[in-house]
Each structure stands twice: as structure tokens, then as C-alpha cells.
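Asker: I am sharing start28.cif, which consists of mmCIF, C-alpha atoms:
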```
data_data
#
loop_
_atom_site.group_PDB
_atom_site.id
_atom_site.type_symbol
_atom_site.label_atom_id
_atom_site.label_comp_id
_atom_site.auth_asym_id
_atom_site.auth_seq_id
_atom_site.Cartn_x
_atom_site.Cartn_y
_atom_site.Cartn_z
ATOM 1 C CA MET O 1 59.926 -37.346 25.897
ATOM 2 C CA ALA O 2 57.823 -34.172 25.833
ATOM 3 C CA LYS O 3 59.714 -30.915 25.689
ATOM 4 C CA ASP O 4 58.871 -28.333 28.382
ATOM 5 C CA THR O 5 57.612 -25.199 26.618
ATOM 6 C CA THR O 6 57.386 -23.037 29.739
ATOM 7 C CA ASN O 7 59.423 -19.840 29.553
ATOM 8 C CA VAL O 8 61.469 -18.639 32.519
ATOM 9 C CA THR O 9 62.381 -14.966 32.800
ATOM 10 C CA VAL O 10 64.984 -13.745 35.291
ATOM 11 C CA PHE O 11 65.248 -10.192 36.603
ATOM 12 C CA GLY O 12 68.953 -9.996 37.483
ATOM 13 C CA GLN O 13 70.454 -8.587 40.675
ATOM 14 C CA GLU O 14 71.228 -5.297 38.920
ATOM 15 C CA THR O 15 67.609 -4.936 37.762
ATOM 16 C CA GLU O 16 65.326 -2.435 39.496
ATOM 17 C CA PHE O 17 61.722 -2.471 38.276
ATOM 18 C CA ASP O 18 58.973 -0.073 39.351
ATOM 19 C CA GLY O 19 55.413 -0.548 38.059
ATOM 20 C CA VAL O 20 52.822 -3.180 37.212
ATOM 21 C CA LEU O 21 54.071 -6.548 36.058
ATOM 22 C CA GLU O 22 51.866 -9.150 34.371
ATOM 23 C CA PHE O 23 53.081 -12.498 33.048
ATOM 24 C CA THR O 24 51.833 -16.000 32.229
ATOM 25 C CA ASP O 25 54.884 -18.246 32.537
ATOM 26 C CA ASN O 26 57.606 -18.249 35.231
ATOM 27 C CA LEU O 27 59.548 -15.315 36.648
ATOM 28 C CA ILE O 28 62.508 -15.211 39.014
ATOM 29 C CA ILE O 29 63.303 -11.866 40.656
ATOM 30 C CA THR O 30 66.840 -11.497 42.012
ATOM 31 C CA GLY O 31 66.926 -7.676 42.035
ATOM 32 C CA LYS O 32 64.577 -4.988 43.369
ATOM 33 C CA PHE O 33 60.898 -4.677 42.505
ATOM 34 C CA LYS O 34 58.321 -2.073 43.524
ATOM 35 C CA GLY O 35 54.688 -2.098 42.384
ATOM 36 C CA SER O 36 52.229 -4.923 41.813
ATOM 37 C CA ILE O 37 52.440 -8.326 40.169
ATOM 38 C CA LYS O 38 49.600 -10.235 38.526
ATOM 39 C CA ALA O 39 50.456 -13.605 37.043
ATOM 40 C CA THR O 40 49.094 -16.991 36.100
ATOM 41 C CA GLY O 41 52.475 -18.685 36.347
ATOM 42 C CA THR O 42 55.071 -19.202 39.060
ATOM 43 C CA LEU O 43 56.900 -16.346 40.776
ATOM 44 C CA GLU O 44 60.140 -16.912 42.641
ATOM 45 C CA ILE O 45 61.625 -14.193 44.849
ATOM 46 C CA ASP O 46 65.332 -15.059 45.123
ATOM 47 C CA ARG O 47 67.353 -14.729 48.348
ATOM 48 C CA SER O 48 68.980 -11.514 47.047
ATOM 49 C CA ALA O 49 65.648 -9.924 45.988
ATOM 50 C CA GLU O 50 63.776 -7.116 47.720
ATOM 51 C CA CYS O 51 60.151 -6.523 46.746
ATOM 52 C CA SER O 52 57.866 -3.777 47.981
ATOM 53 C CA VAL O 53 54.442 -4.496 46.513
ATOM 54 C CA ASP O 54 50.839 -3.407 46.697
ATOM 55 C CA SER O 55 50.002 -7.024 45.916
ATOM 56 C CA ILE O 56 51.359 -10.183 44.363
ATOM 57 C CA SER O 57 48.939 -12.573 42.703
ATOM 58 C CA ALA O 58 50.282 -15.707 41.019
ATOM 59 C CA ALA O 59 49.502 -19.401 40.776
ATOM 60 C CA SER O 60 52.554 -20.264 42.850
ATOM 61 C CA VAL O 61 54.803 -17.940 44.874
ATOM 62 C CA VAL O 62 58.134 -19.046 46.369
ATOM 63 C CA VAL O 63 59.838 -16.478 48.605
ATOM 64 C CA SER O 64 63.505 -16.769 49.574
ATOM 65 C CA GLY O 65 64.165 -12.996 49.816
ATOM 66 C CA LYS O 66 62.302 -10.018 51.298
ATOM 67 C CA VAL O 67 58.708 -9.056 50.494
ATOM 68 C CA LYS O 68 56.673 -6.184 51.922
ATOM 69 C CA GLY O 69 53.069 -6.448 50.754
ATOM 70 C CA ASN O 70 50.238 -8.914 50.345
ATOM 71 C CA ILE O 71 50.691 -12.231 48.555
ATOM 72 C CA GLU O 72 48.058 -14.417 46.917
ATOM 73 C CA GLY O 73 49.038 -17.809 45.552
ATOM 74 C CA THR O 74 46.032 -19.527 44.025
ATOM 75 C CA GLU O 75 47.835 -22.893 44.165
ATOM 76 C CA ARG O 76 50.531 -22.424 46.831
ATOM 77 C CA VAL O 77 52.846 -20.074 48.714
ATOM 78 C CA GLU O 78 56.188 -21.209 50.097
ATOM 79 C CA LEU O 79 58.335 -19.167 52.493
ATOM 80 C CA CYS O 80 61.872 -20.538 52.403
ATOM 81 C CA ASN O 81 64.533 -20.550 55.134
ATOM 82 C CA GLY O 82 65.838 -17.020 55.766
ATOM 83 C CA SER O 83 63.026 -15.206 53.952
ATOM 84 C CA SER O 84 61.153 -12.178 55.294
ATOM 85 C CA VAL O 85 57.503 -11.362 54.545
ATOM 86 C CA THR O 86 55.532 -8.448 55.975
ATOM 87 C CA GLY O 87 51.981 -8.675 54.658
ATOM 88 C CA ASP O 88 48.968 -10.938 54.462
ATOM 89 C CA ILE O 89 48.994 -14.258 52.629
ATOM 90 C CA ARG O 90 46.016 -15.858 50.885
ATOM 91 C CA THR O 91 46.530 -19.309 49.395
ATOM 92 C CA ALA O 92 45.260 -22.862 48.971
ATOM 93 C CA ARG O 93 48.486 -24.435 50.331
ATOM 94 C CA LEU O 94 51.129 -22.845 52.547
ATOM 95 C CA ARG O 95 54.593 -24.025 53.525
ATOM 96 C CA ILE O 96 56.733 -22.075 55.986
ATOM 97 C CA ALA O 97 60.300 -23.232 56.624
ATOM 98 C CA ASP O 98 62.324 -22.651 59.784
ATOM 99 C CA ASN O 99 64.010 -19.266 60.301
ATOM 100 C CA VAL O 100 61.335 -17.237 58.452
ATOM 101 C CA ASP O 101 60.440 -13.699 59.547
ATOM 102 C CA PHE O 102 56.682 -13.412 58.866
ATOM 103 C CA VAL O 103 54.392 -10.618 60.078
ATOM 104 C CA GLY O 104 50.831 -10.774 58.797
ATOM 105 C CA GLN O 105 47.718 -12.890 58.588
ATOM 106 C CA VAL O 106 47.024 -16.044 56.621
ATOM 107 C CA SER O 107 43.721 -16.947 55.006
ATOM 108 C CA MET O 108 43.257 -20.236 53.229
ATOM 109 C CA ILE O 109 41.427 -20.562 49.914
ATOM 110 C CA GLU O 110 38.977 -23.450 49.999
ATOM 111 C CA ASP O 111 38.516 -25.701 47.018
ATOM 112 C CA SER O 112 35.260 -24.660 45.464
ATOM 113 C CA ASN O 113 33.101 -27.250 43.826
ATOM 114 C CA ASP O 114 32.806 -26.483 40.146
ATOM 115 C CA VAL O 115 29.042 -26.701 40.015
ATOM 116 C CA ASP O 116 27.019 -25.076 37.278
ATOM 117 C CA LEU O 117 23.899 -23.977 39.139
ATOM 118 C CA PHE O 118 21.928 -23.604 35.923
ATOM 119 C CA THR O 119 22.274 -27.236 34.831
ATOM 120 C CA LEU O 120 21.557 -28.924 38.182
ATOM 121 C CA ALA O 121 18.170 -30.179 39.208
ATOM 122 C CA SER O 122 17.001 -28.403 42.384
ATOM 123 C CA ASP O 123 17.208 -31.569 44.550
ATOM 124 C CA GLU O 124 20.787 -32.212 43.330
ATOM 125 C CA TYR O 125 21.720 -28.660 44.319
ATOM 126 C CA LYS O 126 20.080 -29.020 47.742
ATOM 127 C CA SER O 127 21.906 -32.318 48.262
ATOM 128 C CA ALA O 128 25.232 -30.683 47.363
ATOM 129 C CA LEU O 129 24.568 -27.875 49.862
ATOM 130 C CA VAL O 130 23.707 -30.360 52.608
ATOM 131 C CA MET O 131 26.911 -32.329 51.915
ATOM 132 C CA LYS O 132 28.975 -29.114 51.984
ATOM 133 C CA SER O 133 27.466 -28.022 55.322
ATOM 134 C CA VAL O 134 28.098 -31.477 56.838
ATOM 135 C CA GLU O 135 31.757 -31.311 55.694
ATOM 136 C CA ALA O 136 32.165 -27.889 57.324
ATOM 137 C CA ARG O 137 31.332 -29.261 60.774
#
```
Represent the structure of the file as C-alpha cells.
Answerer:
Amino acid sequence: MAKDTTNVTVFGQETEFDGVLEFTDNLIITGKFKGSIKATGTLEIDRSAECSVDSISAASVVVSGKVKGNIEGTERVELCNGSSVTGDIRTARLRIADNVDFVGQVSMIEDSNDVDLFTLASDEYKSALVMKSVEAR
């Protein structure tokens, strides 16, 4: 059985943080946060948390508390029952539970084809563009 090597950091309810926060693993905020967050891991905003942000950018963002500011979840954003979000959301997958107070706009991130333009033959590239435009219809 493989051991999970992912670290989880918890900002407790008594914690108040003001500034820029960057992390790579998982963070749970249960206190107050003001500033901006840039992460490659998972961010969880607990039911007791209050966050006032310029922006949040993480792979996955789960909100159970209150957030004022824009959220980007490159993989997913989940707004849990009882949460409150005032700001725009940009994500690949979005889940909004019942009883969520959300004011803002949502824009979905499309899966981009990982195509190296410099190694493709021109007719392969044209074919890929035609297929992409047919899918968009």
C-alpha cells in the first residue's frame, strides 16, 4: 500500500493572515484570511472561515465558508451547502450545492489539446483545427 506523501496545513480558527500565500500541497483555512492565494494544490475554506481576497488560484477549491473575491480552480471549484461567495469563478468543473449564496459570474475553462505546433505537419494541424471547429458547433 503506497503511503500518501501530501502535506496538509491547517490555519486554525484563531489564525488571521494578511498577505500573499503560495503553497503546493493542501491547505485548510478555518480562520480569517485577507490577500491573495496562489497554489498548485487543494484549498479548502472551512465553514468558520472568512476570506477577503484579490484572487484565489488553486488546482481545486472547496468553499464551505465565506469568500469575497475571484476564484480560479484549474481542476474544480465546489461551493458547499451554506457557503457564501461574492466574486467571479473560473474553472474546468463546478459544483454548487443547495443553500449557497453566490453573486458573480462563472466562466468555464475548456480542455486544451496539448498540441506542439512545431512538430506537427501542416495538414495534421489543419485537420485538428477543422475537428475543433466542428466540435464547437
Asker: Quick one, how far is CA of Asp25 (chain O) from CA of Asn7 (chain O)?
Answerer: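 Computing it gives 5.7 Å between the two atoms.
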Asker: Enumerate, as JSON, numbers by chain, the residues matched when the PyMOL selection byres ((chain O and resi 44) around 8) is run on the file above.
Answerer: {"O": [26, 27, 28, 29, 42, 43, 45, 46, 61, 62, 63, 64]}
Asker: Would you pick out the contacts of region 69-71 of chain O at 6 Å or less, using all atoms listed in the file, so that residues sharing its chain but fewer than 2 positions from it are not included, and give the list as a list in words?
Answerer: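 Counting only the stated atoms, we get Val53, Asp54, Ser55, Ile56, Gly87, Asp88 and Ile89 of chain O.
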Asker: Quick one: apply the PyMOL selection byres ((chain O and resi 74-86) around 7) to the file and drop the selected residues here as JSON, numbers by chain.
Answerer: {"O": [58, 59, 60, 61, 62, 63, 64, 65, 66, 67, 68, 69, 72, 73, 87, 91, 92, 93, 94, 95, 96, 97, 98, 99, 100, 101, 102, 103, 104]}
Asker: Starting from the PyMOL selection byres ((chain O and resi 22) around 7), expand the selection into actual residues of this file and give them as a ChimeraX atom specification.
Answerer: /O:20-21,23,37-39
Asker: Please compute the CA of Ser57 (chain O)-CA of Gly31 (chain O) distance, one decimal, in Å.
Answerer: 18.7 Å
Asker: Between CA of Ile109 (chain O) and CA of Arg90 (chain O), what is the distance in Å, rounded to a tenth?
Answerer: 6.6 Å
Asker: Do you know which residues are at most 6 Å from Phe33 (chain O) counting only C-alpha atoms, after dropping those on the same chain fewer than 3 positions away, and could you put them as a list in words?
Answerer: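 Those residues are Glu16, Phe17, Asp18 and Cys51 of chain O.
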Asker: What would the file look like if the residues just selected were written as a tab-separated table (two decimals), in the coordinates of the input with C-alpha atoms?
Answerer:
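Writing the result to result.tsv gives the following:
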```
chain	number	residue	atom	x	y	z
O	16	GLU	CA	65.33	-2.44	39.50
O	17	PHE	CA	61.72	-2.47	38.28
O	18	ASP	CA	58.97	-0.07	39.35
O	51	CYS	CA	60.15	-6.52	46.75
```
Asker: Enclose region 38-50 of chain O, meaning all of its atoms listed in the file, in a box aligned along x, y and z, pad it by 3 Å on each side, and list the centre and edge lengths in Å to one decimal, as JSON.
Answerer:
```
{"center_x": 59.0, "center_y": -13.2, "center_z": 42.2, "size_x": 25.9, "size_y": 18.1, "size_z": 18.2}
```
Asker: Which residue, O:Thr40, O:Gln105, O:Thr9, O:Gly35, has the smallest gap to Ser52 (chain O) when you use all atoms listed in the file?
Answerer: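 Distance minimum relative to Ser52 (chain O) lands on O:Gly35.
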